[in-house]
$ cat run_14.cif   # mmCIF, C-alpha atoms
data_work
#
loop_
_atom_site.label_atom_id
_atom_site.label_comp_id
_atom_site.auth_asym_id
_atom_site.auth_seq_id
_atom_site.Cartn_x
_atom_site.Cartn_y
_atom_site.Cartn_z
CA SER A 65 109.46 118.53 110.61
CA THR A 66 108.65 119.48 107.05
CA ALA A 67 109.78 118.00 103.75
CA VAL A 68 109.15 119.89 100.54
CA HIS A 69 109.94 118.77 97.02
CA ALA A 70 109.73 121.43 94.33
CA LYS A 71 109.62 120.18 90.75
CA GLY A 72 112.84 120.96 88.94
CA ALA A 73 114.54 122.33 92.04
CA GLY A 74 117.95 121.36 93.34
CA PRO A 75 118.78 120.04 96.82
CA SER A 76 119.34 123.55 98.15
CA SER A 77 115.63 124.32 97.82
CA ALA A 78 114.39 121.53 100.07
CA THR A 79 114.20 121.32 103.82
CA THR A 80 113.77 117.94 105.38
CA GLY A 81 113.36 116.87 109.00
CA HIS A 82 115.14 113.70 110.15
CA ILE A 83 113.18 110.46 110.17
CA GLY A 84 114.03 107.85 112.72
CA LEU A 85 117.79 108.23 112.93
CA ARG A 86 119.88 109.96 115.61
CA GLY A 87 117.25 109.99 118.33
CA GLY A 88 114.09 110.00 116.21
CA SER A 89 111.36 107.75 117.57
CA ALA A 90 111.14 104.37 115.84
CA ARG A 91 107.41 104.14 116.48
CA ALA A 92 104.83 106.34 114.79
CA GLY A 93 102.90 108.60 117.12
CA GLU A 94 104.71 107.47 120.24
CA PRO A 95 107.28 109.34 122.36
CA PRO A 96 110.72 107.77 122.82
CA PRO A 97 111.12 105.51 125.86
CA PRO A 98 112.98 106.73 128.94
CA PRO A 99 116.70 105.92 129.27
CA GLY A 100 117.37 102.33 130.25
CA LYS A 101 114.17 101.03 128.64
CA GLY A 102 115.62 100.39 125.19
CA GLU A 103 114.79 97.38 123.11
CA GLY A 104 117.28 94.72 124.12
CA ARG A 105 119.72 97.17 125.73
CA GLN A 106 120.19 98.74 129.13
CA GLY A 107 121.53 102.10 130.22
CA ALA A 108 122.18 105.19 128.13
CA MET A 109 121.99 105.22 124.36
CA PRO A 110 125.26 104.41 122.56
CA PRO A 111 126.97 107.21 120.66
CA ALA A 112 125.75 107.81 117.12
CA SER A 113 127.39 105.74 114.40
CA LYS A 114 130.25 107.35 112.46
CA VAL A 115 129.30 105.55 109.25
CA ILE A 116 128.80 107.78 106.21
CA VAL A 117 126.18 106.67 103.67
CA ASP A 118 125.66 108.78 100.54
CA GLY A 119 127.25 111.72 102.32
CA VAL A 120 124.95 111.39 105.36
CA LYS A 121 125.95 110.01 108.75
CA GLY A 122 124.26 106.88 109.95
CA GLY A 123 123.01 106.82 113.50
CA SER A 124 120.91 105.20 116.19
CA ASP A 125 117.22 105.24 117.03
CA SER A 126 115.66 105.95 120.41
CA PHE A 127 115.85 102.25 121.30
CA GLY A 128 119.63 102.16 120.89
CA ASN A 129 119.67 100.26 117.59
CA VAL A 130 122.47 101.42 115.27
CA TYR A 131 121.93 101.67 111.53
CA GLU A 132 124.21 102.47 108.61
CA SER A 133 121.39 103.97 106.55
CA THR A 134 117.73 104.91 106.64
CA ALA A 135 117.05 102.03 104.25
CA GLU A 136 118.40 99.57 106.83
CA MET A 137 116.25 101.15 109.54
CA TRP A 138 113.08 100.94 107.45
CA GLN A 139 113.79 97.35 106.43
CA LYS A 140 114.00 96.30 110.07
CA GLU A 141 111.03 98.39 111.24
CA LEU A 142 108.69 97.30 108.46
CA GLY A 143 109.72 93.68 108.96
CA LYS A 144 108.45 93.57 112.56
CA ALA A 145 104.81 93.08 111.56
CA ASN A 146 102.44 93.52 108.66
CA PRO A 147 102.87 97.30 108.10
CA THR A 148 99.12 97.86 107.75
CA SER A 149 98.17 95.87 110.88
CA LYS A 150 97.58 97.57 114.22
CA LYS A 151 101.07 96.50 115.29
CA GLY A 152 102.68 97.52 112.00
CA TRP A 153 104.30 100.87 111.19
CA TYR A 154 101.46 102.34 109.14
CA GLY A 155 98.72 100.74 111.20
CA LYS A 156 100.06 102.23 114.43
CA ALA A 157 100.23 105.67 112.85
CA VAL A 158 96.64 105.52 111.60
CA HIS A 159 95.47 104.23 114.98
CA TYR A 160 97.20 107.11 116.77
CA TRP A 161 95.84 109.86 114.51
CA ASP A 162 92.38 108.33 114.55
CA GLY A 163 92.37 109.04 118.29
CA VAL A 164 92.96 112.79 118.07
CA ASP A 165 90.26 115.42 117.68
CA ALA A 166 89.57 116.55 114.11
CA THR A 167 90.44 120.15 115.01
CA VAL A 168 93.47 122.39 114.58
CA ASP A 169 94.28 121.95 118.27
CA GLY A 170 93.89 118.18 117.95
CA VAL A 171 96.17 117.69 114.96
CA LEU A 172 98.78 119.99 116.51
CA GLY A 173 98.85 118.08 119.77
CA GLY A 174 97.29 120.83 121.86
CA PHE A 175 99.40 123.58 120.32
CA GLY A 176 96.78 125.02 118.00
CA HIS A 177 97.87 128.52 118.93
CA VAL A 178 101.08 128.11 116.89
CA SER A 179 99.19 127.46 113.64
CA GLY A 180 99.23 131.09 112.51
CA VAL A 181 102.98 131.45 113.00
CA ASP A 182 103.60 128.13 111.27
CA LEU A 183 101.55 129.11 108.22
CA LYS A 184 103.19 132.53 108.02
CA GLU A 185 106.72 131.15 108.07
CA SER A 186 105.84 128.38 105.63
CA GLN A 187 104.51 130.99 103.21
CA GLU A 188 107.72 132.98 103.60
CA PHE A 189 109.69 129.83 102.82
CA LEU A 190 107.77 129.09 99.61
CA THR A 191 107.97 132.75 98.58
CA SER A 192 111.74 132.68 99.03
CA LEU A 193 111.95 129.65 96.72
CA LYS A 194 110.00 131.57 94.08
CA ASN A 195 112.07 134.72 94.48
CA ASP A 196 115.33 132.77 94.26
CA GLY A 197 114.22 131.02 91.08
CA HIS A 198 114.06 127.53 92.60
CA LEU A 199 110.29 127.35 92.19
CA LYS A 200 108.77 128.46 88.90
CA LEU A 201 105.00 128.26 88.73
CA SER A 202 102.72 128.42 85.72
CA GLU A 203 99.15 129.68 85.74
CA GLU A 204 98.02 126.07 86.17
CA SER A 205 100.26 125.27 89.14
CA ARG A 206 99.33 122.27 91.27
CA ALA A 207 100.45 121.11 94.72
CA VAL A 208 99.66 118.11 96.88
CA ASP A 209 99.28 118.20 100.66
CA CYS A 210 100.58 114.86 101.95
CA GLY A 211 99.30 113.80 105.33
CA ALA A 212 96.78 116.58 104.95
CA GLY A 213 94.74 115.80 108.05
CA ILE A 214 91.84 118.26 108.25
CA GLY A 215 93.29 120.46 105.51
CA ARG A 216 94.92 123.05 107.76
CA ILE A 217 97.90 123.56 105.43
CA THR A 218 95.78 123.32 102.29
CA GLU A 219 93.40 126.04 103.43
CA GLY A 220 95.84 128.31 105.20
CA LEU A 221 98.81 128.11 102.82
CA LEU A 222 98.75 126.06 99.64
CA CYS A 223 95.41 127.30 98.27
CA LYS A 224 96.78 130.83 98.45
CA MET A 225 99.81 129.99 96.32
CA PHE A 226 98.68 127.34 93.82
CA SER A 227 95.91 127.05 91.24
CA LYS A 228 94.88 123.63 92.49
CA VAL A 229 95.70 121.59 95.61
CA ASP A 230 95.04 117.88 96.17
CA LEU A 231 94.90 116.30 99.64
CA VAL A 232 96.23 112.87 100.67
CA GLU A 233 95.34 111.43 104.08
CA PRO A 234 94.70 107.85 105.35
CA VAL A 235 92.69 108.79 108.47
CA VAL A 236 89.11 108.98 107.27
CA LYS A 237 87.66 111.14 110.03
CA LEU A 238 90.34 113.81 109.58
CA LEU A 239 90.08 114.10 105.82
CA LYS A 240 86.28 113.91 105.97
CA GLN A 241 86.37 116.99 108.20
CA GLY A 242 88.60 118.72 105.67
CA GLU A 243 86.45 117.69 102.72
CA ASP A 244 83.27 118.92 104.41
CA LYS A 245 84.92 122.30 104.94
CA LEU A 246 86.93 122.73 101.73
CA LYS A 247 84.98 120.93 99.00
CA GLY A 248 83.68 123.41 96.46
CA MET A 249 86.53 125.86 96.84
CA PRO A 250 87.89 126.61 93.33
CA THR A 251 91.49 125.92 94.31
CA VAL A 252 90.78 122.57 96.02
CA GLY A 253 91.23 119.50 93.83
CA ASP A 254 90.96 115.83 94.72
CA PHE A 255 90.68 114.13 98.11
CA HIS A 256 92.68 110.89 98.31
CA TYR A 257 91.77 108.69 101.28
CA VAL A 258 95.00 106.70 101.21
CA GLY A 259 98.40 106.48 102.88
CA LEU A 260 101.45 107.86 101.09
CA GLN A 261 102.89 104.36 100.73
CA ASP A 262 99.96 103.60 98.40
CA PHE A 263 99.84 106.96 96.62
CA THR A 264 101.59 107.13 93.25
CA PRO A 265 100.89 110.36 91.34
CA GLU A 266 101.65 110.80 87.68
CA LYS A 267 105.19 111.92 86.94
CA GLY A 268 105.42 115.71 86.76
CA MET A 269 101.86 116.21 87.98
CA TYR A 270 102.79 118.43 90.92
CA ASP A 271 104.89 121.57 91.15
CA VAL A 272 105.24 121.08 94.91
CA ILE A 273 104.82 118.02 97.12
CA TRP A 274 104.29 119.24 100.69
CA VAL A 275 104.80 116.86 103.63
CA GLN A 276 104.39 118.23 107.15
#
$ encode --input "run_14.cif" --output "structure tokens"
Amino acid sequence: STAVHAKGAGPSSATTGHIGLRGGSARAGEPPPPPGKGEGRQGAMPPASKVIVDGVKGGSDSFGNVYESTAEMWQKELGKANPTSKKGWYGKAVHYWDGVDATVDGVLGGFGHVSGVDLKESQEFLTSLKNDGHLKLSEESRAVDCGAGIGRITEGLLCKMFSKVDLVEPVVKLLKQGEDKLKGMPTVGDFHYVGLQDFTPEKGMYDVIWVQ
């Protein structure tokens, strides 16, 4: 899934994949368990909650836990363990991604052949935002690639559309691969070896915040 925030744009200009609710896995980097193996429950998953929170339906995760909001889900998930430990939410994610190859095929889970199509359609999406007036860029436009990995999106998309692109990624070996390849390119900015939970950019610094 992809989440894009364009500075000054309304809700209609953003696309966001679901996180955690209504069947999304509650554990980073892990597939959902098979039916009947839920956490504290047996049998098929219960139907999704009918609760409406801020105009959005609540729902259940792949373990059968029902939540009224994403905030409630995150509070429970992050409270299971120190988030940065190997058993915590962020620690498990870093551990998973540290185990994949620092290649396009590795970061795409063996589906490296779809990279070209993905980049093409992502460029069409950003172009449509510009053409519709939702995204207005100056000559000094700046974007940030969040969860940048090896810089696949930075190199293949964002550097072609923005004056400067920064990269944020907590897995050292992935971003190091990207830095070795991209450092020195005139459109590449800063490399931030940090997780998004610890990344706080200056207000208004970026025209587009890209999360994929």
$ resolve_selection --input "run_14.cif" --expression "the PyMOL selection byres ((chain A and resi 150-163) around 10)" --output "NGL selection string"
:A and (90-94 or 138 or 141-149 or 164-166 or 170-171 or 213 or 233-238 or 259-261)
$ resolve_selection --input "run_14.cif" --expression "the PyMOL selection byres ((chain A and resi 221-229) around 7)" --output "PyMOL selection string"
chain A and resi 183+187+203-208+217-220+230-231+251-253
$ residues_near_point --input "run_14.cif" --point "(87.1, 120.8, 102.3)" --cutoff "10 Å" --atoms "all atoms listed in the file" --output "list in words"
Ile214, Gly215, Arg216, Thr218, Glu219, Leu231, Leu239, Lys240, Gln241, Gly242, Glu243, Asp244, Lys245, Leu246, Lys247, Gly248, Met249, Val252, Gly253, Asp254 and Phe255 of chain A
$ atom_distance --input "run_14.cif" --atom1 "atom CA of A:Thr264" --atom2 "atom CA of A:Gln276"
18.0 Å
$ atom_distance --input "run_14.cif" --atom1 "atom CA of A:Tyr257" --atom2 "atom CA of A:Thr167"
17.9 Å
$ build_atoms --input "run_14.cif" --residues "stretch 169-190 of chain A" --atoms "N, CA, C and O atoms" --output "PDB file, keeping the file's coordinate frame"
ATOM      1  N   ASP A 169      93.614 122.248 117.012  1.00  0.00           N
ATOM      2  CA  ASP A 169      94.280 121.950 118.270  1.00  0.00           C
ATOM      3  C   ASP A 169      94.579 120.453 118.388  1.00  0.00           C
ATOM      4  O   ASP A 169      95.642 120.063 118.902  1.00  0.00           O
ATOM      5  N   GLY A 170      93.679 119.626 117.881  1.00  0.00           N
ATOM      6  CA  GLY A 170      93.890 118.180 117.950  1.00  0.00           C
ATOM      7  C   GLY A 170      95.054 117.713 117.097  1.00  0.00           C
ATOM      8  O   GLY A 170      95.915 116.961 117.564  1.00  0.00           O
ATOM      9  N   VAL A 171      95.108 118.155 115.854  1.00  0.00           N
ATOM     10  CA  VAL A 171      96.170 117.690 114.960  1.00  0.00           C
ATOM     11  C   VAL A 171      97.528 118.298 115.299  1.00  0.00           C
ATOM     12  O   VAL A 171      98.572 117.795 114.875  1.00  0.00           O
ATOM     13  N   LEU A 172      97.520 119.383 116.085  1.00  0.00           N
ATOM     14  CA  LEU A 172      98.780 119.990 116.510  1.00  0.00           C
ATOM     15  C   LEU A 172      99.127 119.626 117.955  1.00  0.00           C
ATOM     16  O   LEU A 172      99.964 120.270 118.579  1.00  0.00           O
ATOM     17  N   GLY A 173      98.484 118.595 118.461  1.00  0.00           N
ATOM     18  CA  GLY A 173      98.850 118.080 119.770  1.00  0.00           C
ATOM     19  C   GLY A 173      98.616 119.045 120.915  1.00  0.00           C
ATOM     20  O   GLY A 173      99.363 119.057 121.896  1.00  0.00           O
ATOM     21  N   GLY A 174      97.587 119.877 120.805  1.00  0.00           N
ATOM     22  CA  GLY A 174      97.290 120.830 121.860  1.00  0.00           C
ATOM     23  C   GLY A 174      97.980 122.175 121.688  1.00  0.00           C
ATOM     24  O   GLY A 174      97.842 123.057 122.535  1.00  0.00           O
ATOM     25  N   PHE A 175      98.692 122.329 120.573  1.00  0.00           N
ATOM     26  CA  PHE A 175      99.400 123.580 120.320  1.00  0.00           C
ATOM     27  C   PHE A 175      98.788 124.330 119.135  1.00  0.00           C
ATOM     28  O   PHE A 175      99.495 124.874 118.288  1.00  0.00           O
ATOM     29  N   GLY A 176      97.471 124.348 119.096  1.00  0.00           N
ATOM     30  CA  GLY A 176      96.780 125.020 118.000  1.00  0.00           C
ATOM     31  C   GLY A 176      97.124 126.483 117.867  1.00  0.00           C
ATOM     32  O   GLY A 176      97.042 127.059 116.778  1.00  0.00           O
ATOM     33  N   HIS A 177      97.567 127.088 118.960  1.00  0.00           N
ATOM     34  CA  HIS A 177      97.870 128.520 118.930  1.00  0.00           C
ATOM     35  C   HIS A 177      99.105 128.843 118.071  1.00  0.00           C
ATOM     36  O   HIS A 177      99.331 130.006 117.751  1.00  0.00           O
ATOM     37  N   VAL A 178      99.896 127.835 117.709  1.00  0.00           N
ATOM     38  CA  VAL A 178     101.080 128.110 116.890  1.00  0.00           C
ATOM     39  C   VAL A 178     100.767 128.032 115.394  1.00  0.00           C
ATOM     40  O   VAL A 178     101.632 128.295 114.556  1.00  0.00           O
ATOM     41  N   SER A 179      99.540 127.673 115.043  1.00  0.00           N
ATOM     42  CA  SER A 179      99.190 127.460 113.640  1.00  0.00           C
ATOM     43  C   SER A 179      99.443 128.702 112.786  1.00  0.00           C
ATOM     44  O   SER A 179      99.988 128.618 111.687  1.00  0.00           O
ATOM     45  N   GLY A 180      99.053 129.863 113.287  1.00  0.00           N
ATOM     46  CA  GLY A 180      99.230 131.090 112.510  1.00  0.00           C
ATOM     47  C   GLY A 180     100.687 131.383 112.201  1.00  0.00           C
ATOM     48  O   GLY A 180     101.041 131.740 111.074  1.00  0.00           O
ATOM     49  N   VAL A 181     101.545 131.220 113.199  1.00  0.00           N
ATOM     50  CA  VAL A 181     102.980 131.450 113.000  1.00  0.00           C
ATOM     51  C   VAL A 181     103.551 130.440 112.021  1.00  0.00           C
ATOM     52  O   VAL A 181     104.349 130.770 111.132  1.00  0.00           O
ATOM     53  N   ASP A 182     103.133 129.189 112.168  1.00  0.00           N
ATOM     54  CA  ASP A 182     103.600 128.130 111.270  1.00  0.00           C
ATOM     55  C   ASP A 182     103.237 128.428 109.822  1.00  0.00           C
ATOM     56  O   ASP A 182     104.072 128.318 108.915  1.00  0.00           O
ATOM     57  N   LEU A 183     101.995 128.813 109.583  1.00  0.00           N
ATOM     58  CA  LEU A 183     101.550 129.110 108.220  1.00  0.00           C
ATOM     59  C   LEU A 183     102.284 130.316 107.649  1.00  0.00           C
ATOM     60  O   LEU A 183     102.666 130.319 106.467  1.00  0.00           O
ATOM     61  N   LYS A 184     102.495 131.322 108.462  1.00  0.00           N
ATOM     62  CA  LYS A 184     103.190 132.530 108.020  1.00  0.00           C
ATOM     63  C   LYS A 184     104.623 132.214 107.578  1.00  0.00           C
ATOM     64  O   LYS A 184     105.069 132.633 106.508  1.00  0.00           O
ATOM     65  N   GLU A 185     105.338 131.454 108.407  1.00  0.00           N
ATOM     66  CA  GLU A 185     106.720 131.150 108.070  1.00  0.00           C
ATOM     67  C   GLU A 185     106.828 130.170 106.907  1.00  0.00           C
ATOM     68  O   GLU A 185     107.773 130.239 106.121  1.00  0.00           O
ATOM     69  N   SER A 186     105.862 129.285 106.784  1.00  0.00           N
ATOM     70  CA  SER A 186     105.840 128.380 105.630  1.00  0.00           C
ATOM     71  C   SER A 186     105.615 129.155 104.341  1.00  0.00           C
ATOM     72  O   SER A 186     106.230 128.865 103.313  1.00  0.00           O
ATOM     73  N   GLN A 187     104.739 130.157 104.396  1.00  0.00           N
ATOM     74  CA  GLN A 187     104.510 130.990 103.210  1.00  0.00           C
ATOM     75  C   GLN A 187     105.767 131.773 102.855  1.00  0.00           C
ATOM     76  O   GLN A 187     106.114 131.905 101.669  1.00  0.00           O
ATOM     77  N   GLU A 188     106.467 132.267 103.859  1.00  0.00           N
ATOM     78  CA  GLU A 188     107.720 132.980 103.600  1.00  0.00           C
ATOM     79  C   GLU A 188     108.749 132.062 102.962  1.00  0.00           C
ATOM     80  O   GLU A 188     109.514 132.481 102.087  1.00  0.00           O
ATOM     81  N   PHE A 189     108.769 130.804 103.386  1.00  0.00           N
ATOM     82  CA  PHE A 189     109.690 129.830 102.820  1.00  0.00           C
ATOM     83  C   PHE A 189     109.407 129.578 101.333  1.00  0.00           C
ATOM     84  O   PHE A 189     110.302 129.636 100.488  1.00  0.00           O
ATOM     85  N   LEU A 190     108.134 129.317 101.004  1.00  0.00           N
ATOM     86  CA  LEU A 190     107.770 129.090  99.610  1.00  0.00           C
ATOM     87  C   LEU A 190     108.016 130.336  98.763  1.00  0.00           C
ATOM     88  O   LEU A 190     108.471 130.247  97.618  1.00  0.00           O
TER      89      LEU A 190
END
